[in-house]
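Peer 1: CSV, C-alpha atoms and all ligand atoms, file input.csv:
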```csv
chain,number,residue,atom,x,y,z
C,1,MET,CA,71.4,41.2,165.3
C,2,PHE,CA,68.4,39.7,163.7
C,3,SER,CA,65.0,41.0,164.5
C,4,ARG,CA,62.0,38.6,164.7
C,5,SER,CA,58.7,40.0,163.7
C,6,PRO,CA,56.3,39.6,166.5
C,7,ASP,CA,53.9,36.7,166.2
C,8,SER,CA,50.3,37.2,165.4
C,9,VAL,CA,47.5,34.7,165.5
C,10,GLY,CA,47.7,34.6,161.7
C,11,THR,CA,51.4,33.9,161.5
C,12,LEU,CA,51.2,31.2,164.1
C,13,LEU,CA,48.2,29.5,162.5
C,14,ALA,CA,50.1,29.6,159.2
C,15,GLY,CA,53.2,28.1,160.8
C,16,ILE,CA,51.2,25.4,162.5
C,17,ARG,CA,49.4,24.6,159.3
C,18,GLY,CA,52.8,24.5,157.5
C,19,GLY,CA,54.1,22.0,160.0
C,20,GLN,CA,56.7,24.3,161.6
C,21,ILE,CA,57.8,23.0,165.0
C,22,ALA,CA,59.1,26.4,165.9
C,23,ALA,CA,55.6,27.9,165.4
C,24,LEU,CA,54.1,25.2,167.5
C,25,ALA,CA,56.6,25.8,170.3
C,26,ARG,CA,55.9,29.6,170.2
C,27,ALA,CA,52.2,29.0,170.3
C,28,ILE,CA,52.6,26.8,173.3
C,29,THR,CA,54.6,29.5,175.1
C,30,TRP,CA,51.9,32.0,174.2
C,31,VAL,CA,49.2,29.8,175.7
C,32,GLU,CA,51.2,29.0,178.8
C,33,ASN,CA,51.8,32.6,179.5
C,34,GLU,CA,48.2,33.5,178.6
C,35,ARG,CA,49.6,36.2,176.4
C,36,ALA,CA,47.0,38.7,175.1
C,37,GLY,CA,45.1,37.0,172.2
C,38,PHE,CA,45.7,33.4,173.3
C,39,GLN,CA,42.0,32.7,173.4
C,40,LYS,CA,41.6,34.0,169.9
C,41,LEU,CA,44.5,31.7,168.7
C,42,LEU,CA,42.9,28.7,170.3
C,43,HIS,CA,39.4,29.6,169.0
C,44,SER,CA,40.8,30.0,165.5
C,45,LEU,CA,42.5,26.7,165.4
C,46,LEU,CA,39.5,24.8,166.8
C,47,GLU,CA,37.3,26.5,164.2
C,48,ASP,CA,39.7,25.8,161.3
C,49,PRO,CA,38.4,22.8,159.4
C,50,PHE,CA,41.9,22.0,158.2
C,51,LEU,CA,43.5,22.1,161.7
C,52,ALA,CA,40.7,20.6,163.7
C,53,GLY,CA,40.1,17.9,161.1
C,54,ALA,CA,41.5,14.8,162.9
C,55,PRO,CA,42.3,15.1,166.5
C,56,GLY,CA,45.0,12.8,167.8
C,57,ALA,CA,44.3,9.7,169.8
C,58,ARG,CA,45.1,10.6,173.4
C,59,VAL,CA,46.5,8.2,175.9
C,60,GLY,CA,46.9,9.3,179.5
C,61,LEU,CA,49.3,7.6,181.9
C,62,THR,CA,49.1,8.0,185.6
C,63,GLY,CA,50.4,6.2,188.6
C,64,PRO,CA,52.6,6.7,191.7
C,65,PRO,CA,56.0,8.5,191.5
C,66,GLY,CA,58.7,6.3,189.9
C,67,ALA,CA,56.2,3.6,188.7
C,68,GLY,CA,57.8,3.7,185.2
C,69,LYS,CA,55.4,6.0,183.4
C,70,SER,CA,58.1,7.8,181.5
C,71,SER,CA,59.7,4.6,180.5
C,72,LEU,CA,56.4,3.4,179.2
C,73,VAL,CA,55.8,6.7,177.4
C,74,ARG,CA,59.1,6.2,175.7
C,75,GLY,CA,58.2,2.6,174.7
C,76,LEU,CA,54.8,3.5,173.4
C,77,ALA,CA,56.2,6.5,171.5
C,78,GLN,CA,58.7,4.3,169.8
C,79,GLY,CA,55.9,1.9,168.9
C,80,PHE,CA,53.7,4.6,167.5
C,81,LEU,CA,56.6,6.1,165.5
C,82,ALA,CA,57.4,2.7,164.1
C,83,GLN,CA,53.7,2.6,162.9
C,84,GLY,CA,54.3,5.9,161.1
C,85,GLU,CA,52.3,7.9,163.6
C,86,PRO,CA,53.7,11.3,164.7
C,87,VAL,CA,53.7,11.6,168.5
C,88,GLY,CA,53.2,14.5,170.8
C,89,VAL,CA,54.1,13.9,174.5
C,90,LEU,CA,53.0,16.2,177.3
C,91,ALA,CA,54.5,15.6,180.8
C,92,VAL,CA,52.6,17.4,183.5
C,93,ASP,CA,54.5,17.9,186.7
C,94,PRO,CA,52.4,18.5,189.7
C,95,SER,CA,55.2,18.9,192.2
C,96,SER,CA,56.4,22.4,191.6
C,97,PRO,CA,55.3,25.4,189.6
C,98,PHE,CA,59.0,26.5,189.6
C,99,SER,CA,60.8,23.6,188.0
C,100,GLY,CA,61.8,24.6,184.5
C,101,GLY,CA,61.3,22.7,181.3
C,102,ALA,CA,64.8,21.4,181.3
C,103,LEU,CA,64.5,19.7,184.6
C,104,LEU,CA,61.2,18.1,183.6
C,105,GLY,CA,62.8,17.1,180.4
C,106,ASP,CA,65.4,15.1,182.4
C,107,ARG,CA,62.7,13.6,184.5
C,108,ILE,CA,60.9,12.2,181.6
C,109,ARG,CA,64.1,10.6,180.3
C,110,LEU,CA,63.2,11.1,176.7
C,111,ASN,CA,65.8,13.5,175.6
C,112,ASP,CA,67.3,11.2,173.1
C,113,LEU,CA,63.9,10.4,171.6
C,114,ALA,CA,63.0,14.1,171.4
C,115,THR,CA,65.4,14.5,168.5
C,116,HIS,CA,63.5,11.9,166.6
C,117,GLU,CA,61.6,13.3,163.6
C,118,GLY,CA,57.9,13.1,164.3
C,119,LEU,CA,58.2,13.3,168.0
C,120,PHE,CA,57.6,16.4,170.1
C,121,LEU,CA,58.0,16.6,173.8
C,122,ARG,CA,56.9,19.3,176.2
C,123,SER,CA,56.8,19.4,180.0
C,124,MET,CA,54.8,21.7,182.0
C,125,ALA,CA,53.9,22.4,185.5
C,126,ALA,CA,50.4,21.9,186.5
C,127,ARG,CA,49.6,25.4,187.7
C,128,GLY,CA,46.1,26.3,188.6
C,129,SER,CA,44.2,23.3,189.7
C,130,LEU,CA,46.0,21.6,192.7
C,131,GLY,CA,48.2,18.9,191.4
C,132,GLY,CA,46.1,18.4,188.4
C,133,LEU,CA,46.0,19.2,184.8
C,134,ALA,CA,45.7,23.0,184.5
C,135,MET,CA,43.5,24.5,181.8
C,136,ASN,CA,46.6,25.4,179.9
C,137,SER,CA,47.5,21.7,179.6
C,138,HIS,CA,44.2,21.1,177.8
C,139,GLU,CA,45.0,24.0,175.5
C,140,VAL,CA,48.4,22.7,174.7
C,141,LEU,CA,46.8,19.4,173.8
C,142,ASP,CA,44.5,21.3,171.4
C,143,LEU,CA,47.7,22.7,169.8
C,144,TYR,CA,49.0,19.1,169.5
C,145,ASP,CA,45.8,18.1,167.8
C,146,ALA,CA,46.1,21.0,165.4
C,147,PHE,CA,49.7,20.3,164.6
C,148,GLY,CA,48.7,16.9,163.5
C,149,PHE,CA,50.1,14.5,166.1
C,150,SER,CA,48.0,11.5,165.5
C,151,ARG,CA,49.1,10.0,168.8
C,152,ILE,CA,49.3,12.0,172.0
C,153,LEU,CA,50.7,10.7,175.3
C,154,ILE,CA,50.0,12.5,178.5
C,155,GLU,CA,52.0,11.7,181.7
C,156,THR,CA,50.9,12.8,185.1
C,157,VAL,CA,52.1,11.6,188.5
C,158,GLY,CA,49.1,10.2,190.3
C,159,VAL,CA,49.0,12.1,193.6
C,160,GLY,CA,45.2,12.4,193.9
C,161,GLN,CA,43.1,14.7,191.9
C,162,SER,CA,45.4,14.6,188.9
C,163,GLU,CA,44.5,11.0,188.0
C,164,LEU,CA,40.9,12.1,187.7
C,165,GLU,CA,41.9,15.1,185.5
C,166,VAL,CA,44.0,13.0,183.2
C,167,ALA,CA,40.9,11.1,182.5
C,168,GLY,CA,39.2,14.3,181.5
C,169,ALA,CA,41.9,15.0,178.9
C,170,ALA,CA,42.6,11.5,177.5
C,171,ASP,CA,40.6,9.1,175.4
C,172,THR,CA,42.3,6.1,177.0
C,173,VAL,CA,43.5,6.2,180.6
C,174,MET,CA,46.3,3.9,181.6
C,175,VAL,CA,46.9,3.4,185.4
C,176,VAL,CA,50.5,2.2,186.1
C,177,LEU,CA,51.1,0.3,189.3
C,178,VAL,CA,54.1,-1.6,190.5
C,179,PRO,CA,54.5,-4.7,192.7
C,180,GLU,CA,55.9,-2.7,195.6
C,181,SER,CA,53.0,-0.2,195.6
C,182,GLY,CA,51.5,-2.0,198.6
C,183,ASP,CA,48.9,0.7,198.5
C,184,ALA,CA,47.6,-0.6,195.3
C,185,ILE,CA,44.3,-1.6,196.7
C,186,GLN,CA,44.0,1.7,198.4
C,187,ALA,CA,44.6,3.3,195.0
C,188,LEU,CA,42.0,1.1,193.4
C,189,LYS,CA,39.5,2.3,196.0
C,190,ALA,CA,40.4,5.9,195.6
C,191,GLY,CA,38.7,6.2,192.3
C,192,LEU,CA,41.4,4.8,190.0
C,193,MET,CA,39.2,1.8,189.3
C,194,GLU,CA,36.6,4.1,187.7
C,195,ILE,CA,39.0,6.0,185.5
C,196,ALA,CA,41.3,3.2,184.3
C,197,ASP,CA,40.7,1.8,180.8
C,198,LEU,CA,43.9,-0.2,181.1
C,199,PHE,CA,46.0,-1.4,184.0
C,200,VAL,CA,49.7,-1.8,183.7
C,201,VAL,CA,51.7,-3.8,186.2
C,202,ASN,CA,55.1,-2.4,185.5
C,203,LYS,CA,58.4,-3.7,187.0
C,204,ALA,CA,57.1,-7.2,186.3
C,205,ASP,CA,60.7,-8.3,186.7
C,206,ARG,CA,60.2,-7.9,190.5
C,207,PRO,CA,58.5,-10.3,192.8
C,208,GLY,CA,54.8,-9.8,193.4
C,209,ALA,CA,53.8,-8.8,189.9
C,210,ASP,CA,51.6,-11.8,189.3
C,211,ALA,CA,49.9,-11.3,192.7
C,212,LEU,CA,49.2,-7.7,192.0
C,213,ALA,CA,47.8,-8.5,188.5
C,214,ARG,CA,45.5,-11.1,190.2
C,215,GLU,CA,44.5,-8.6,192.8
C,216,ILE,CA,43.5,-6.0,190.2
C,217,ARG,CA,41.6,-8.6,188.1
C,218,THR,CA,39.7,-9.7,191.2
C,219,ALA,CA,38.7,-6.2,192.0
C,220,LEU,CA,37.6,-5.6,188.4
C,221,HIS,CA,35.6,-8.8,188.4
C,222,LEU,CA,33.8,-7.8,191.6
C,223,ARG,CA,33.0,-4.4,190.2
C,224,GLN,CA,31.8,-5.9,187.0
C,225,GLY,CA,29.5,-8.1,188.9
C,226,GLU,CA,28.0,-5.1,190.6
C,227,THR,CA,27.5,-3.0,187.5
C,228,SER,CA,26.4,-5.6,184.9
C,229,SER,CA,23.5,-6.8,187.0
C,230,GLY,CA,22.0,-3.3,186.6
C,231,ALA,CA,22.9,-2.8,183.0
C,232,ALA,CA,20.2,-1.4,180.8
C,233,PRO,CA,19.1,-3.7,177.9
C,234,GLY,CA,20.7,-2.5,174.7
C,235,ALA,CA,23.6,-0.9,176.5
C,236,PRO,CA,27.0,-1.4,174.8
C,237,PRO,CA,29.0,-4.4,175.9
C,238,GLU,CA,31.1,-3.4,178.9
C,239,TRP,CA,34.8,-2.7,178.5
C,240,ILE,CA,36.7,-4.8,180.9
C,241,PRO,CA,40.1,-3.1,181.5
C,242,PRO,CA,42.9,-5.5,180.6
C,243,VAL,CA,45.8,-5.9,183.0
C,244,VAL,CA,49.1,-5.9,181.1
C,245,GLN,CA,52.5,-6.7,182.7
C,246,THR,CA,55.5,-4.8,181.5
C,247,VAL,CA,59.2,-4.4,182.1
C,248,ALA,CA,59.2,-0.9,180.8
C,249,HIS,CA,62.9,0.0,180.8
C,250,ARG,CA,63.6,-3.2,178.7
C,251,GLY,CA,60.6,-2.6,176.4
C,252,GLU,CA,59.0,-5.9,177.5
C,253,GLY,CA,55.2,-6.0,177.2
C,254,VAL,CA,55.0,-2.8,175.3
C,255,ALA,CA,53.7,-4.5,172.1
C,256,GLU,CA,50.9,-6.0,174.2
C,257,LEU,CA,50.2,-2.6,175.6
C,258,LEU,CA,50.0,-1.0,172.2
C,259,ASP,CA,47.6,-3.8,171.1
C,260,ALA,CA,45.4,-3.1,174.2
C,261,VAL,CA,45.3,0.6,173.4
C,262,ALA,CA,44.3,-0.1,169.9
C,263,ALA,CA,41.6,-2.5,171.1
C,264,HIS,CA,40.2,0.1,173.5
C,265,ARG,CA,40.1,2.6,170.7
C,266,ARG,CA,38.2,0.2,168.5
C,267,TRP,CA,35.7,-0.5,171.3
C,268,MET,CA,35.2,3.2,171.8
C,269,GLU,CA,34.6,3.9,168.2
C,270,ALA,CA,32.2,1.0,167.8
C,271,HIS,CA,30.0,2.1,170.6
C,272,GLY,CA,30.0,5.9,170.3
C,273,VAL,CA,32.1,6.2,173.5
C,274,LEU,CA,34.7,8.4,171.9
C,275,GLU,CA,32.1,11.0,170.9
C,276,ARG,CA,30.7,10.9,174.4
C,277,ARG,CA,34.1,11.4,175.9
C,278,ARG,CA,34.9,14.3,173.6
C,279,SER,CA,31.6,15.9,174.3
C,280,ALA,CA,32.1,15.5,178.1
C,281,ARG,CA,35.5,17.1,177.6
C,282,ALA,CA,34.0,20.0,175.7
C,283,ALA,CA,31.6,20.6,178.6
C,284,LEU,CA,34.5,20.7,181.1
C,285,ARG,CA,36.3,23.1,178.8
C,286,ILE,CA,33.4,25.5,178.7
C,287,ARG,CA,33.1,25.4,182.5
C,288,GLY,CA,36.9,25.9,182.8
C,289,ILE,CA,37.1,28.8,180.4
C,290,LEU,CA,34.1,30.5,182.0
C,291,GLU,CA,35.6,30.2,185.5
C,292,ARG,CA,39.0,31.4,184.2
C,293,GLU,CA,37.4,34.4,182.5
C,294,ALA,CA,35.4,35.2,185.5
C,295,ARG,CA,38.5,35.2,187.7
C,296,ARG,CA,40.4,37.3,185.2
C,297,ALA,CA,37.5,39.9,185.1
C,298,ALA,CA,37.3,40.0,188.9
C,299,ARG,CA,41.1,40.5,189.1
C,300,ARG,CA,41.0,43.3,186.5
C,301,SER,CA,38.3,45.0,188.4
C,302,LEU,CA,40.1,44.9,191.7
C,303,ASP,CA,43.4,46.0,190.1
C,304,ALA,CA,41.8,49.1,188.5
C,305,PRO,CA,43.3,52.2,190.1
C,306,GLY,CA,41.8,53.1,193.4
C,307,VAL,CA,39.1,50.4,193.5
C,308,LEU,CA,40.5,48.3,196.3
C,309,ALA,CA,41.8,51.3,198.3
C,310,GLN,CA,38.3,53.0,198.2
C,311,ALA,CA,36.6,49.8,199.1
C,312,LEU,CA,38.9,49.3,202.1
C,313,GLU,CA,38.3,52.8,203.2
C,314,ARG,CA,34.5,52.4,203.1
C,315,ILE,CA,34.9,49.2,205.1
C,316,GLU,CA,37.1,51.0,207.7
C,317,ARG,CA,34.5,53.7,208.0
C,318,ARG,CA,31.8,51.1,208.4
C,319,ARG,CA,30.1,52.3,205.2
C,320,GLY,CA,30.5,48.9,203.6
C,321,THR,CA,31.4,45.3,204.2
C,322,PRO,CA,33.4,42.9,202.0
C,323,TYR,CA,30.0,41.7,200.7
C,324,SER,CA,28.6,45.0,199.7
C,325,GLU,CA,32.0,45.9,198.1
C,326,ALA,CA,32.1,42.7,196.1
C,327,ASP,CA,28.5,43.2,195.1
C,328,GLN,CA,29.3,46.7,193.7
C,329,ILE,CA,32.1,45.3,191.6
C,330,LEU,CA,29.8,42.5,190.3
C,331,ARG,CA,27.2,45.1,189.4
C,332,ALA,CA,29.8,47.2,187.6
C,333,LEU,CA,30.7,44.1,185.6
C,334,GLY,CA,27.0,43.7,184.7
C,335,TRP,CA,26.7,40.5,186.8
C,336,GLY,CA,23.7,41.2,188.8
C,337,ASN,CA,23.6,39.6,192.3
C,338,ALA,CA,21.5,36.5,192.3
C,339,GLU,CA,20.6,37.1,195.9
C,340,GLU,CA,19.1,40.4,194.9
C,341,GLY,CA,15.6,41.1,196.2
C,342,LYS,CA,15.8,38.4,198.8
C,343,GLY,CA,16.6,40.8,201.7
C,401,LIG,N1,63.3,-3.0,187.6
C,401,LIG,C1,62.6,-2.2,186.8
C,401,LIG,N2,62.9,-0.8,186.8
C,401,LIG,C2,62.1,0.0,186.0
C,401,LIG,C3,61.1,-0.6,185.2
C,401,LIG,N3,60.5,0.5,184.5
C,401,LIG,C4,61.2,1.6,184.9
C,401,LIG,N4,62.2,1.3,185.8
C,401,LIG,C5,63.1,2.2,186.4
C,401,LIG,O1,62.4,2.9,187.4
C,401,LIG,C6,62.8,4.3,187.5
C,401,LIG,C7,61.7,5.3,187.3
C,401,LIG,O2,61.2,5.1,186.0
C,401,LIG,P1,60.4,6.3,185.3
C,401,LIG,O3,60.0,5.8,183.9
C,401,LIG,O4,61.2,7.6,185.3
C,401,LIG,O5,59.2,6.4,186.2
C,401,LIG,P2,58.1,7.6,186.3
C,401,LIG,O6,56.8,6.9,186.8
C,401,LIG,O7,58.0,8.3,185.0
C,401,LIG,O8,58.6,8.5,187.4
C,401,LIG,P3,58.1,10.0,187.9
C,401,LIG,O9,57.8,10.7,186.6
C,401,LIG,O10,59.3,10.5,188.6
C,401,LIG,O11,57.0,9.8,188.7
C,401,LIG,C8,63.9,4.4,186.4
C,401,LIG,O12,65.2,4.2,187.0
C,401,LIG,C9,63.6,3.3,185.5
C,401,LIG,O13,64.7,2.8,184.8
C,401,LIG,C10,60.9,-2.0,185.2
C,401,LIG,O14,60.0,-2.5,184.5
C,401,LIG,N5,61.6,-2.7,186.0
C,402,MG,MG,58.1,10.4,184.7
```
What's the structure tokens form of this structure?
Ligand SMILES: Nc1nc2c(ncn2[C@@H]2O[C@H](COP(=O)(O)OP(=O)(O)OP(=O)(O)O)[C@@H](O)[C@H]2O)c(=O)[nH]1
Ligand SMILES: [Mg+2]
Peer 2:
Amino acid sequence: MFSRSPDSVGTLLAGIRGGQIAALARAITWVENERAGFQKLLHSLLEDPFLAGAPGARVGLTGPPGAGKSSLVRGLAQGFLAQGEPVGVLAVDPSSPFSGGALLGDRIRLNDLATHEGLFLRSMAARGSLGGLAMNSHEVLDLYDAFGFSRILIETVGVGQSELEVAGAADTVMVVLVPESGDAIQALKAGLMEIADLFVVNKADRPGADALAREIRTALHLRQGETSSGAAPGAPPEWIPPVVQTVAHRGEGVAELLDAVAAHRRWMEAHGVLERRRSARAALRIRGILEREARRAARRSLDAPGVLAQALERIERRRGTPYSEADQILRALGWGNAEEGKG
């Protein structure tokens, strides 16, 4: 038997700094399980000038189930690797919190790539926020940054809210549609138009691809007409999302897509958009961390021995209501009731 010394923040940081994949994998598990000290680990790596020096370029892919997102992830990853860029892939599965990593690994159809030096793949269930990217996913992306993946690909199935959250995590958002998604225009109306930096019409080997691409361009054109008339003088030139046709499982169009991603990045860098997006992301993170800590504190209070039982007893004896009981717990936490004094 061998015994493994338990991880500490220090050993994990040293491992991540030293480029040990095993340390990265253990840190991810630590964060996923919210093991005691995970916040300290994340804080330390964001604070570390060496680890936080150069965050990876994040590309998010979203779209309907089976649109070819994983096939595109595979093609893009191969392209980045060929450019000498190490790639971290995060596949977020909104469907079930119970499906394990192995199953998800199959879904993403990247198993053969995953043995490639310079590529790391992790799948996780999007617990927490309904169908979206949970806080933990954002934290895993921080670990990817720290480990030094210069390119990060995030795949989420677009089933509603998650498309919008992928936008919150990525620098460049790619919306993947296919000719048979007859609901494309619906999708465009449902907020995808706002978050997409790039449109991919995948399965361009099937009939209807040109028509779909035209439809998207028309919708973009109409929208541009609406916004540019009200553009402030001196505002940066608008980014018009390109529409790229691909046949992902054959790798066709992937080179154009890589070019489009690079062009979008140059545009963001030239106009301060990248900084604005990162800053917006930090604001979301503060909010998310605050909400999570508040929930954890509330849960700890209620789980303390006797607290809930006594509250229920008071309510039963009509000495309290759920409101007065919650209020007491809030006071004990030092969170004064904002409604105080109004009665
Ligand atoms: N004909 C055709 N088939 C494709 C194309 N791209 C992907 N496929 C096939 O479509 C199926 C789904 O591809 P995936 O890449 O797994 O799609 P996905 O969007 O990741 O799917 P989920 O993660 O399950 O939502 C696979 O059988 C692919 O081989 C394409 O351009 N043309
Ligand atoms: Mg997939």
Peer 1: Report, in Å to a single decimal, how far apart atom CA of C:Arg26 and atom CA of C:Phe147 are.
Peer 2: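 Spanning atom CA of C:Phe147 to atom CA of C:Arg26 is a straight-line distance of 12.5 Å.
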Peer 1: Would you mind telling me which residue in C:Ile21, C:Leu61, C:Ala82, C:Val157 lies nearest to ligand LIG 401 (chain C) when using all atoms listed in the file?
Peer 2: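 The shortest atom-to-atom distance to ligand LIG 401 (chain C) comes from C:Val157.
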Peer 1: Using all atoms listed in the file, which residues have at least one atom no more than 8 Å from ligand LIG 401 (chain C)? Output them as a PyMOL selection string.
Peer 2: chain C and resi 62-73+93+107-109+155-157+176+202-206+246-250+252
Peer 1: Between atom CA of C:Gly88 and atom CA of C:Ala167, what distance in Å does the model show, to one decimal?
Peer 2: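 The value is 17.3 Å.
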Peer 1: Within 12 Å of C:Met268, counting only C-alpha atoms, which residues qualify if same-chain residues fewer than 3 places away don't, as a list of chain:residue names?
Peer 2: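 Within the cut-off, the hits are C:Ala57, C:Asp171, C:Thr172, C:Asp197, C:Pro236, C:Pro237, C:Glu238, C:Trp239, C:Val261, C:Ala262, C:Ala263, C:His264, C:Arg265, C:His271, C:Gly272, C:Val273, C:Leu274, C:Glu275, C:Arg276, C:Arg277, C:Arg278.
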Peer 1: What does the distance from atom CA of C:Asn136 to atom CA of C:Ala297 come to in Å, to one decimal?
Peer 2: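 That distance, rounded to one decimal, is 17.9 Å.
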Peer 1: Could you name the residues that touch C:Glu34 at 12 Å or less, counting all atoms listed in the file, but leaving out those on the same chain fewer than 4 positions away, as a list in words?
Peer 2: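 The residues satisfying every condition are Ala27, Ile28, Thr29, Trp30, Phe38, Gln39, Lys40, Leu41, Leu42, Met135, Asn136, Ser137, Glu139, Val140, Arg292, Glu293 and Arg296 of chain C.
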Peer 1: Ranking C:Leu13, C:Leu51, C:Leu90, C:Val201 by minimum distance to ligand MG 402 (chain C) and counting all atoms listed in the file, which one comes first?
Peer 2: C:Leu90
Peer 1: Compare C:Gly158, C:Pro322, C:Gly251, C:Gly79 by their minimum atom-to-atom distance to ligand MG 402 (chain C), counting all atoms listed in the file, and give me the closest one.
Peer 2: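 Result for the nearest residue to ligand MG 402 (chain C): C:Gly158.
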Peer 1: For ligand MG 402 (chain C), which residue among C:Ala255, C:Pro207, C:Ser301, C:Arg74 is the nearest when counting all atoms listed in the file?
Peer 2: C:Arg74
Peer 1: For C:Arg217, list every protein, DNA or RNA residue within 9 Å, evaluated using all atoms listed in the file, and leave out those in the same chain fewer than 4 positions away; present the list as a PyMOL selection string.
Peer 2: chain C and resi 212-213+221-222+241-243
Peer 1: Could you tell me which of C:Phe120, C:Ala91, C:Gly334, C:Glu180 comes closest to ligand MG 402 (chain C) if we count all atoms listed in the file?
Peer 2: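 Ranked by minimum distance to ligand MG 402 (chain C), first place goes to C:Ala91.
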Peer 1: Measuring between all atoms listed in the file, which one of C:Ile16, C:Ala23, C:Ile154, C:Val87 shows the shortest distance to ligand MG 402 (chain C)?
Peer 2: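 That would be C:Ile154, the residue with the smallest distance to ligand MG 402 (chain C).
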Peer 1: Need the neighbours of (61.2, 22.0, 167.1): which residues are at most 10 Å away, counting all atoms listed in the file, as JSON, numbers by chain?
Peer 2: {"C": [20, 21, 22, 23, 24, 25, 26, 114, 115, 117, 118, 119, 120, 121]}
